[in-house]
file entry.txt (compact mmCIF, C-alpha atoms)
# COMPACT_ATOMS: atom_id res chain seq x y z
CA MET G 1 23.01 14.87 38.42
CA GLU G 2 25.67 14.40 35.82
CA LEU G 3 24.59 13.62 32.29
CA GLU G 4 25.77 10.12 31.47
CA ASP G 5 27.30 9.26 28.14
CA ILE G 6 25.31 7.09 25.76
CA VAL G 7 27.22 4.26 24.16
CA ILE G 8 25.37 1.72 22.04
CA GLU G 9 27.14 -0.86 19.95
CA GLY G 10 25.47 -1.28 16.59
CA SER G 11 24.37 -4.63 15.25
CA HIS G 12 23.18 -6.14 12.02
CA LYS G 13 21.00 -9.06 13.04
CA ASN G 14 17.25 -9.38 12.53
CA PHE G 15 16.95 -5.64 12.92
CA PHE G 16 19.72 -3.15 12.26
CA THR G 17 20.78 -1.12 15.30
CA PRO G 18 22.96 1.93 14.71
CA SER G 19 26.07 2.62 16.80
CA VAL G 20 25.70 5.57 19.13
CA SER G 21 28.29 7.48 21.11
CA PHE G 22 27.12 10.67 22.86
CA ASN G 23 29.87 12.12 25.06
CA ALA G 24 28.83 14.68 27.67
CA LYS G 25 32.39 15.76 28.45
CA THR G 26 33.54 16.44 24.88
CA GLY G 27 30.18 17.26 23.26
CA ILE G 28 31.05 14.86 20.45
CA CYS G 29 28.01 12.83 19.40
CA GLU G 30 28.14 10.12 16.76
CA LEU G 31 25.41 8.12 15.09
CA SER G 32 26.55 5.54 12.55
CA GLY G 33 25.75 2.26 10.85
CA GLU G 34 22.24 1.24 9.82
CA SER G 35 18.87 2.01 11.38
CA PHE G 36 15.94 -0.39 10.98
CA LEU G 37 14.53 -1.03 14.44
CA GLU G 38 11.74 -2.92 16.13
CA ASP G 39 10.65 0.18 18.05
CA THR G 40 12.20 3.26 16.49
CA ALA G 41 10.63 5.75 18.94
CA ASP G 42 11.88 3.74 21.95
CA PHE G 43 15.39 3.81 20.58
CA TYR G 44 15.57 7.48 19.57
CA LYS G 45 13.64 9.16 22.41
CA PRO G 46 16.53 8.79 24.92
CA LEU G 47 18.88 10.27 22.31
CA VAL G 48 16.61 13.29 21.76
CA ASP G 49 16.18 13.69 25.56
CA TRP G 50 19.95 13.52 26.02
CA LEU G 51 20.49 16.29 23.47
CA VAL G 52 17.82 18.46 25.10
CA GLU G 53 19.50 17.94 28.48
CA PHE G 54 22.95 18.72 27.08
CA THR G 55 21.83 21.81 25.22
CA THR G 56 19.79 23.27 28.08
CA LYS G 57 22.04 22.43 31.05
CA ILE G 58 25.62 21.73 29.96
CA LYS G 59 25.58 24.20 27.09
CA LYS G 60 29.01 23.38 25.70
CA PRO G 61 29.84 23.26 21.98
CA ILE G 62 28.42 20.21 20.29
CA ALA G 63 29.86 18.31 17.33
CA PHE G 64 27.31 16.00 15.78
CA LEU G 65 28.52 13.35 13.37
CA ILE G 66 26.24 11.14 11.29
CA LYS G 67 27.50 8.22 9.24
CA LEU G 68 24.42 6.17 8.49
CA THR G 69 24.56 4.00 5.40
CA TYR G 70 20.89 3.05 5.64
CA PHE G 71 17.90 4.27 7.64
CA ASN G 72 14.24 3.47 7.11
CA THR G 73 11.43 5.99 6.92
CA SER G 74 10.45 5.76 10.61
CA THR G 75 14.04 6.57 11.48
CA SER G 76 14.05 9.53 9.08
CA ARG G 77 11.52 11.34 11.28
CA CYS G 78 13.63 10.69 14.40
CA ILE G 79 16.71 12.13 12.70
CA LEU G 80 14.66 15.27 12.05
CA ASP G 81 13.86 15.41 15.79
CA LEU G 82 17.56 15.21 16.69
CA LEU G 83 18.50 17.92 14.17
CA ASN G 84 15.66 20.17 15.36
CA VAL G 85 17.07 20.10 18.91
CA LEU G 86 20.46 21.12 17.50
CA LYS G 87 18.87 23.94 15.49
CA ASP G 88 17.04 25.25 18.55
CA TYR G 89 20.34 25.21 20.45
CA GLU G 90 22.07 27.09 17.66
CA ASP G 91 19.26 29.68 17.56
CA GLU G 92 19.80 30.28 21.28
CA GLY G 93 23.49 30.91 20.74
CA GLY G 94 24.87 27.38 21.16
CA GLU G 95 27.85 26.29 19.10
CA VAL G 96 26.85 23.47 16.79
CA THR G 97 28.62 21.66 13.97
CA VAL G 98 27.04 18.83 12.03
CA ASN G 99 29.11 16.59 9.76
CA TRP G 100 27.33 13.94 7.71
CA HIS G 101 29.46 11.28 6.04
CA TYR G 102 27.89 9.46 3.12
CA ASP G 103 28.86 6.96 0.43
CA GLU G 104 29.73 8.90 -2.72
CA ASN G 105 27.79 6.30 -4.74
CA ASP G 106 24.63 7.04 -2.79
CA SER G 107 23.15 10.08 -4.51
CA ASP G 108 19.83 9.52 -2.73
CA MET G 109 21.56 9.97 0.62
CA GLN G 110 23.07 13.20 -0.69
CA GLU G 111 19.56 14.47 -1.52
CA ASP G 112 18.34 13.33 1.88
CA ILE G 113 20.99 15.41 3.63
CA GLU G 114 20.16 18.43 1.45
CA ASP G 115 16.50 18.01 2.38
CA TYR G 116 17.37 17.93 6.08
CA MET G 117 19.21 21.22 5.63
CA ILE G 118 16.18 22.77 3.94
CA ASP G 119 13.88 21.37 6.62
CA THR G 120 15.87 22.43 9.68
CA GLY G 121 17.83 25.45 8.48
CA LEU G 122 20.95 23.84 9.96
CA GLU G 123 24.17 23.91 8.02
CA ILE G 124 25.35 20.34 7.51
CA THR G 125 28.82 19.62 6.16
CA MET G 126 28.50 16.81 3.65
CA ILE G 127 31.52 14.52 3.53
CA PRO G 128 31.60 11.82 0.84
CA PHE G 129 33.60 8.64 1.49
CA MET O 130 -13.02 -35.92 -1.31
CA GLU O 131 -11.82 -36.63 -4.80
CA LYS O 132 -8.58 -38.49 -4.84
CA LYS O 133 -5.83 -36.82 -6.81
CA ASN O 134 -3.25 -38.69 -8.82
CA ASN O 135 -0.59 -36.19 -7.95
CA LYS O 136 0.89 -36.05 -4.52
CA TYR O 137 0.30 -32.30 -4.54
CA ASP O 138 -2.65 -30.51 -5.97
CA PHE O 139 -0.49 -28.08 -7.89
CA SER O 140 2.54 -28.44 -10.08
CA LEU O 141 5.72 -26.82 -8.87
CA PHE O 142 7.09 -27.31 -12.36
CA ASP O 143 4.28 -25.21 -13.85
CA SER O 144 4.83 -22.60 -11.21
CA HIS O 145 8.55 -22.62 -11.93
CA ASN O 146 7.91 -22.20 -15.65
CA LEU O 147 5.52 -19.36 -14.99
CA LEU O 148 8.34 -17.54 -13.30
CA ASN O 149 10.24 -17.35 -16.54
CA GLN O 150 13.94 -16.89 -16.95
CA ASN O 151 13.81 -13.13 -16.41
CA ILE O 152 12.89 -13.65 -12.77
CA LEU O 153 15.89 -13.58 -10.46
CA VAL O 154 14.19 -13.88 -7.08
CA SER O 155 10.71 -14.89 -6.06
CA TYR O 156 9.30 -15.27 -2.56
CA LYS O 157 5.82 -15.85 -1.23
CA GLY O 158 5.00 -16.14 2.44
CA PRO O 159 5.15 -14.23 5.70
CA ILE O 160 7.39 -11.18 5.77
CA ASP O 161 8.93 -10.13 9.07
CA GLU O 162 12.28 -8.70 10.12
CA ARG O 163 14.04 -12.07 9.83
CA ILE O 164 12.92 -12.68 6.26
CA MET O 165 13.69 -9.06 5.41
CA THR O 166 17.23 -9.30 6.74
CA VAL O 167 17.97 -12.56 4.94
CA ILE O 168 16.59 -11.38 1.60
CA GLY O 169 17.86 -7.82 2.04
CA ASP O 170 21.40 -8.97 2.77
CA ASN O 171 21.48 -11.24 -0.26
CA ILE O 172 19.36 -9.37 -2.76
CA VAL O 173 22.35 -7.53 -4.15
CA LEU O 174 24.01 -10.85 -4.99
CA VAL O 175 21.56 -11.44 -7.82
CA ALA O 176 22.12 -7.97 -9.19
CA ASN O 177 25.66 -8.65 -10.33
CA ASP O 178 25.20 -7.06 -13.74
CA THR O 179 25.13 -3.54 -12.38
CA ASN O 180 26.93 -0.82 -10.41
CA ASP O 181 27.03 0.10 -6.72
CA LYS O 182 24.44 2.85 -7.19
CA ALA O 183 21.83 0.45 -8.55
CA ARG O 184 22.64 -2.13 -5.87
CA THR O 185 22.09 0.42 -3.11
CA LYS O 186 18.79 1.38 -4.73
CA ILE O 187 17.63 -2.24 -4.99
CA PHE O 188 18.31 -2.76 -1.28
CA LYS O 189 16.49 0.44 -0.26
CA VAL O 190 13.45 -0.24 -2.44
CA PHE O 191 13.27 -3.78 -1.10
CA MET O 192 13.36 -2.57 2.52
CA GLU O 193 10.49 -0.12 1.97
CA LEU O 194 8.21 -2.32 -0.11
CA ALA O 195 8.76 -5.41 2.06
CA GLN O 196 7.88 -3.36 5.16
CA ASN O 197 4.62 -2.38 3.47
CA VAL O 198 3.68 -6.03 2.97
CA TRP O 199 4.68 -6.88 6.54
CA LEU O 200 2.65 -4.07 8.08
CA TYR O 201 -0.29 -3.62 5.74
CA SER O 202 -1.20 -6.99 4.20
CA SER O 203 -4.66 -8.08 5.30
CA GLU O 204 -3.55 -11.68 4.97
CA THR O 205 -1.56 -12.41 8.09
CA CYS O 206 0.25 -15.28 9.72
CA LYS O 207 0.67 -15.78 13.46
CA LEU O 208 4.22 -16.45 14.58
CA GLU O 209 5.37 -18.58 17.52
CA ASN O 210 5.77 -15.44 19.66
CA GLY O 211 2.12 -14.53 19.11
CA LYS O 212 2.85 -11.64 16.76
CA SER O 213 1.03 -11.39 13.45
CA VAL O 214 2.94 -10.53 10.33
CA GLY O 215 1.73 -9.80 6.82
CA MET O 216 1.90 -12.35 4.03
CA GLY O 217 2.70 -11.38 0.49
CA SER O 218 4.75 -11.96 -2.62
CA LEU O 219 7.95 -10.47 -3.89
CA VAL O 220 9.54 -10.81 -7.31
CA ILE O 221 12.66 -9.30 -8.80
CA GLY O 222 13.09 -9.57 -12.53
CA GLU O 223 15.78 -8.50 -14.92
CA PHE O 224 14.75 -7.06 -18.27
CA GLY O 225 17.44 -5.60 -20.51
CA ASN O 226 18.96 -2.56 -18.84
CA TYR O 227 16.73 -2.46 -15.78
CA TYR O 228 15.50 -4.50 -12.85
CA THR O 229 11.81 -4.72 -12.05
CA PHE O 230 10.83 -5.01 -8.46
CA VAL O 231 7.27 -6.11 -7.59
CA THR O 232 5.58 -6.73 -4.25
CA GLY O 233 1.97 -7.71 -3.76
CA ASN O 234 -0.42 -8.57 -0.99
CA VAL O 235 -4.10 -8.87 -0.21
CA VAL O 236 -5.75 -5.69 1.04
CA LYS O 237 -9.20 -4.75 2.30
CA ASN O 238 -11.01 -2.80 -0.40
CA ALA O 239 -12.10 -0.28 2.21
CA ASP O 240 -8.46 0.54 3.07
CA ILE O 241 -6.92 0.72 -0.36
CA VAL O 242 -8.52 3.82 -1.92
CA PRO O 243 -6.30 6.33 -0.06
CA VAL O 244 -3.22 4.30 -0.99
CA ILE O 245 -4.14 4.37 -4.67
CA ASP O 246 -4.80 8.12 -4.45
CA LYS O 247 -1.39 8.54 -2.85
CA CYS O 248 0.34 6.52 -5.59
CA GLU O 249 -1.39 8.56 -8.29
CA MET O 250 -0.36 11.78 -6.63
CA ILE O 251 3.24 10.57 -6.31
CA ASN O 252 3.27 9.64 -10.00
CA SER O 253 2.05 13.09 -10.97
CA LEU O 254 4.94 14.92 -9.27
CA ASP O 255 8.39 15.70 -10.64
CA ARG O 256 11.47 14.93 -8.52
CA GLU O 257 11.72 18.34 -6.84
CA SER O 258 8.02 18.35 -5.91
CA LEU O 259 8.35 14.79 -4.67
CA ARG O 260 11.21 15.79 -2.39
CA GLU O 261 9.14 18.69 -1.10
CA TYR O 262 6.22 16.34 -0.50
CA ARG O 263 8.49 13.95 1.42
CA ARG O 264 9.74 16.80 3.62
CA GLU O 265 6.16 17.86 4.32
CA GLN O 266 5.06 14.30 5.18
CA ARG O 267 8.10 13.83 7.40
CA ARG O 268 7.29 16.96 9.35
CA LEU O 269 3.72 15.72 9.82
CA ALA O 270 4.76 12.19 10.83
CA GLN O 271 4.65 11.04 14.40
CA SER O 272 8.07 10.28 15.79
CA GLY O 273 9.16 6.71 15.31
CA LYS O 274 5.81 5.44 14.09
CA PRO O 275 5.98 3.20 11.06
CA ASN O 276 5.00 5.58 8.36
CA SER O 277 5.58 3.55 5.29
CA GLY O 278 2.07 4.36 4.09
CA ASN O 279 2.89 8.04 4.02
CA ILE O 280 6.59 8.42 3.39
CA GLY O 281 7.60 4.93 2.28
CA LEU O 282 5.91 5.13 -1.12
CA ILE O 283 7.40 8.56 -1.81
CA GLN O 284 10.76 7.13 -0.81
CA VAL O 285 10.33 4.20 -3.21
CA ALA O 286 9.49 6.48 -6.15
CA LEU O 287 12.47 8.75 -5.38
CA THR O 288 14.91 5.88 -4.93
CA ALA O 289 13.79 3.88 -7.96
CA GLU O 290 13.54 7.08 -10.05
CA SER O 291 10.48 5.53 -11.63
CA PRO O 292 6.70 5.81 -11.26
CA LEU O 293 4.82 3.37 -9.03
CA ASP O 294 3.10 0.90 -11.35
CA ILE O 295 0.11 -0.26 -9.31
CA GLU O 296 -2.43 -2.96 -10.03
CA LEU O 297 -5.55 -3.97 -8.12
CA THR O 298 -7.22 -7.33 -8.78
CA PRO O 299 -10.39 -8.23 -6.86
CA VAL O 300 -10.20 -11.56 -5.00
CA ASN O 301 -13.62 -11.43 -3.32
CA ASP O 302 -16.28 -8.88 -2.36
CA ASP O 303 -14.19 -7.30 0.37
CA GLU O 304 -10.61 -7.85 -0.67
CA SER O 305 -8.26 -7.33 -3.60
CA PHE O 306 -4.70 -8.22 -4.48
CA PHE O 307 -2.66 -5.03 -4.61
CA SER O 308 0.73 -4.93 -6.29
CA ILE O 309 3.33 -2.22 -6.74
CA ALA O 310 6.05 -2.51 -9.37
CA VAL O 311 8.99 -0.19 -9.95
CA LYS O 312 11.87 -0.22 -12.38
CA ILE O 313 15.44 0.39 -11.33
CA SER O 314 17.84 1.23 -14.11
CA LYS O 315 21.12 -0.68 -14.15
CA ASN O 316 22.86 2.48 -15.23
CA CYS O 317 21.73 5.09 -12.75
CA THR O 318 23.50 8.21 -13.80
CA LYS O 319 21.86 10.84 -11.65
CA LYS O 320 24.58 13.13 -10.22

call {"tool": "encode", "arguments": {"input": "entry.txt", "output": "structure tokens"}}
result
Amino acid sequence: MELEDIVIEGSHKNFFTPSVSFNAKTGICELSGESFLEDTADFYKPLVDWLVEFTTKIKKPIAFLIKLTYFNTSTSRCILDLLNVLKDYEDEGGEVTVNWHYDENDSDMQEDIEDYMIDTGLEITMIPF
Amino acid sequence: MEKKNNKYDFSLFDSHNLLNQNILVSYKGPIDERIMTVIGDNIVLVANDTNDKARTKIFKVFMELAQNVWLYSSETCKLENGKSVGMGSLVIGEFGNYYTFVTGNVVKNADIVPVIDKCEMINSLDRESLREYRREQRRLAQSGKPNSGNIGLIQVALTAESPLDIELTPVNDDESFFSIAVKISKNCTKK
């Protein structure tokens, strides 16, 4: 069965839902906006599963792009899960690039990204905006 | 029952005066996602005497500390959908070149000791060790579970760049009022 794209439109209502666009054909995966969710695990598990599926069956190059302006601490663990899948893929020979866009005024976000690099061993290109 | 002369048995004027002119925002009541969004979206409006860095920090600290009240207050309120949410208080004050952010809620004495230990440990660490501690706690966390108790407080200390000023006041034999205050400098200059 073909891996279906994931497209979720972000919202900023009572909770903050990030925008998601995971494209199976191009291998371009984007996660942007804000993440403060009612059930964080419910939201992120399908994204992690999708990446596992892509990296074990489709095995094409993957370009992962993060542009989150805010995420809460439950989300921070789920981001680690996503990055760990990418690191595993890279270790097995997969082609992975990770670009993380962040507000240049947000020095805490900059530290967060650095910490994810230390934690996962992935190289993340940090792009201030 | 003794009849009171006043319509209410407390004075809102006294309460207003207690919250002196340094207080920018004060809220007491249930905290759920709706309250958090409304306050969170508008909290930066009161912090107009500062830069974007400090505003971002105020928002992030608010989101973490308010979630703690919501999830961990032992005083709860049942909503129309049957869910229980925590009750607590929130105050933002402005003192010279920094903002002070305080949240407080009632806790069971039996539950609070590990939280106090955690705060003391956080306060004893320098920034690099605190970042290392956050990475360690994040690795140990269960995916997607609210982990404010473990990572949230570390996050608050890192974001505010200030120690967690905690206070515990007994309210009865089993419960106490627990508050956490942090300072956020108006002139954050880090990096």

call {"tool": "closest_atom_pairs", "arguments": {"input": "entry.txt", "of": "chain G", "to": "chain O", "cutoff": "10 Å", "atoms": "all atoms listed in the file", "output": "Markdown table"}}
result
| residue | atom | partner | partner_atom | distance |
| --- | --- | --- | --- | --- |
| G:His12 | CA | O:Thr166 | CA | 8.6 |
| G:Lys13 | CA | O:Thr166 | CA | 7.3 |
| G:Asn14 | CA | O:Arg163 | CA | 5.0 |
| G:Phe15 | CA | O:Glu162 | CA | 6.2 |
| G:Phe16 | CA | O:Thr166 | CA | 8.6 |
| G:Phe36 | CA | O:Met192 | CA | 9.1 |
| G:Leu37 | CA | O:Glu162 | CA | 9.1 |
| G:Glu38 | CA | O:Glu162 | CA | 8.4 |
| G:Asp39 | CA | O:Gly273 | CA | 7.2 |
| G:Thr40 | CA | O:Gly273 | CA | 4.7 |
| G:Ala41 | CA | O:Gly273 | CA | 4.0 |
| G:Asp42 | CA | O:Gly273 | CA | 7.8 |
| G:Phe43 | CA | O:Gly273 | CA | 8.7 |
| G:Tyr44 | CA | O:Gly273 | CA | 7.7 |
| G:Lys45 | CA | O:Ser272 | CA | 8.7 |
| G:Thr69 | CA | O:Thr185 | CA | 9.6 |
| G:Tyr70 | CA | O:Lys189 | CA | 7.8 |
| G:Phe71 | CA | O:Lys189 | CA | 8.9 |
| G:Asn72 | CA | O:Glu193 | CA | 7.3 |
| G:Thr73 | CA | O:Gly281 | CA | 6.1 |
| G:Ser74 | CA | O:Gly273 | CA | 5.0 |
| G:Thr75 | CA | O:Gly273 | CA | 6.2 |
| G:Ser76 | CA | O:Arg267 | CA | 7.5 |
| G:Arg77 | CA | O:Arg267 | CA | 5.7 |
| G:Cys78 | CA | O:Ser272 | CA | 5.7 |
| G:Ile79 | CA | O:Ser272 | CA | 9.4 |
| G:Leu80 | CA | O:Arg268 | CA | 8.0 |
| G:Asp81 | CA | O:Ser272 | CA | 7.7 |
| G:Asp103 | CA | O:Lys182 | CA | 9.7 |
| G:Glu104 | CA | O:Lys182 | CA | 9.2 |
| G:Asn105 | CA | O:Lys182 | CA | 5.4 |
| G:Asp106 | CA | O:Lys182 | CA | 6.1 |
| G:Ser107 | CA | O:Lys320 | CA | 6.6 |
| G:Asp108 | CA | O:Thr288 | CA | 6.5 |
| G:Met109 | CA | O:Thr288 | CA | 9.6 |
| G:Gln110 | CA | O:Lys320 | CA | 9.6 |
| G:Glu111 | CA | O:Arg260 | CA | 8.5 |
| G:Asp112 | CA | O:Arg260 | CA | 8.7 |
| G:Asp115 | CA | O:Arg264 | CA | 7.0 |
| G:Tyr116 | CA | O:Arg264 | CA | 8.1 |
| G:Ile118 | CA | O:Arg264 | CA | 8.8 |
| G:Asp119 | CA | O:Arg264 | CA | 6.9 |

call {"tool": "atom_distance", "arguments": {"input": "entry.txt", "atom1": "atom CA of Val173 of chain O", "atom2": "atom CA of Leu68 of chain G"}}
result
18.8 Å

call {"tool": "atom_distance", "arguments": {"input": "entry.txt", "atom1": "atom CA of Ala24 of chain G", "atom2": "atom CA of Glu4 of chain G"}}
result
6.7 Å

call {"tool": "closest_residue", "arguments": {"input": "entry.txt", "among": "O:Ser314, O:Val285, O:Glu204, O:Met216", "to": "Val300 of chain O", "atoms": "all atoms listed in the file"}}
result
O:Glu204

call {"tool": "atom_distance", "arguments": {"input": "entry.txt", "atom1": "atom CA of Glu34 of chain G", "atom2": "atom CA of Thr17 of chain G"}}
result
6.1 Å

call {"tool": "residues_around", "arguments": {"input": "entry.txt", "residues": "Tyr201 of chain O", "least_positions_apart": "4", "cutoff": "9 Å", "atoms": "only C-alpha atoms", "output": "list in words"}}
result
Gln196, Asn197, Val214, Gly215, Asn234, Val235, Val236 and Gly278 of chain O

call {"tool": "closest_residue", "arguments": {"input": "entry.txt", "among": "O:Lys207, O:Lys212, O:Arg256, O:Lys237", "to": "Phe306 of chain O", "atoms": "only C-alpha atoms"}}
result
O:Lys237

call {"tool": "residues_around", "arguments": {"input": "entry.txt", "residues": "Tyr228 of chain O", "least_positions_apart": "2", "cutoff": "8 Å", "atoms": "all atoms listed in the file", "output": "ChimeraX atom specification"}}
result
/O:221-226,230,312-315

call {"tool": "residues_around", "arguments": {"input": "entry.txt", "residues": "segment 89-97 of chain G", "least_positions_apart": "2", "cutoff": "7 Å", "atoms": "all atoms listed in the file", "output": "short mmCIF file (atom, residue, chain, number, x, y, z; two decimals) with C-alpha atoms, in the coordinates of the input"}}
result
data_model
loop_
_atom_site.label_atom_id
_atom_site.label_comp_id
_atom_site.auth_asym_id
_atom_site.auth_seq_id
_atom_site.Cartn_x
_atom_site.Cartn_y
_atom_site.Cartn_z
CA THR G 55 21.83 21.81 25.22
CA LYS G 59 25.58 24.20 27.09
CA PRO G 61 29.84 23.26 21.98
CA ILE G 62 28.42 20.21 20.29
CA ALA G 63 29.86 18.31 17.33
CA PHE G 64 27.31 16.00 15.78
CA VAL G 85 17.07 20.10 18.91
CA LEU G 86 20.46 21.12 17.50
CA LYS G 87 18.87 23.94 15.49
CA ASN G 99 29.11 16.59 9.76
#
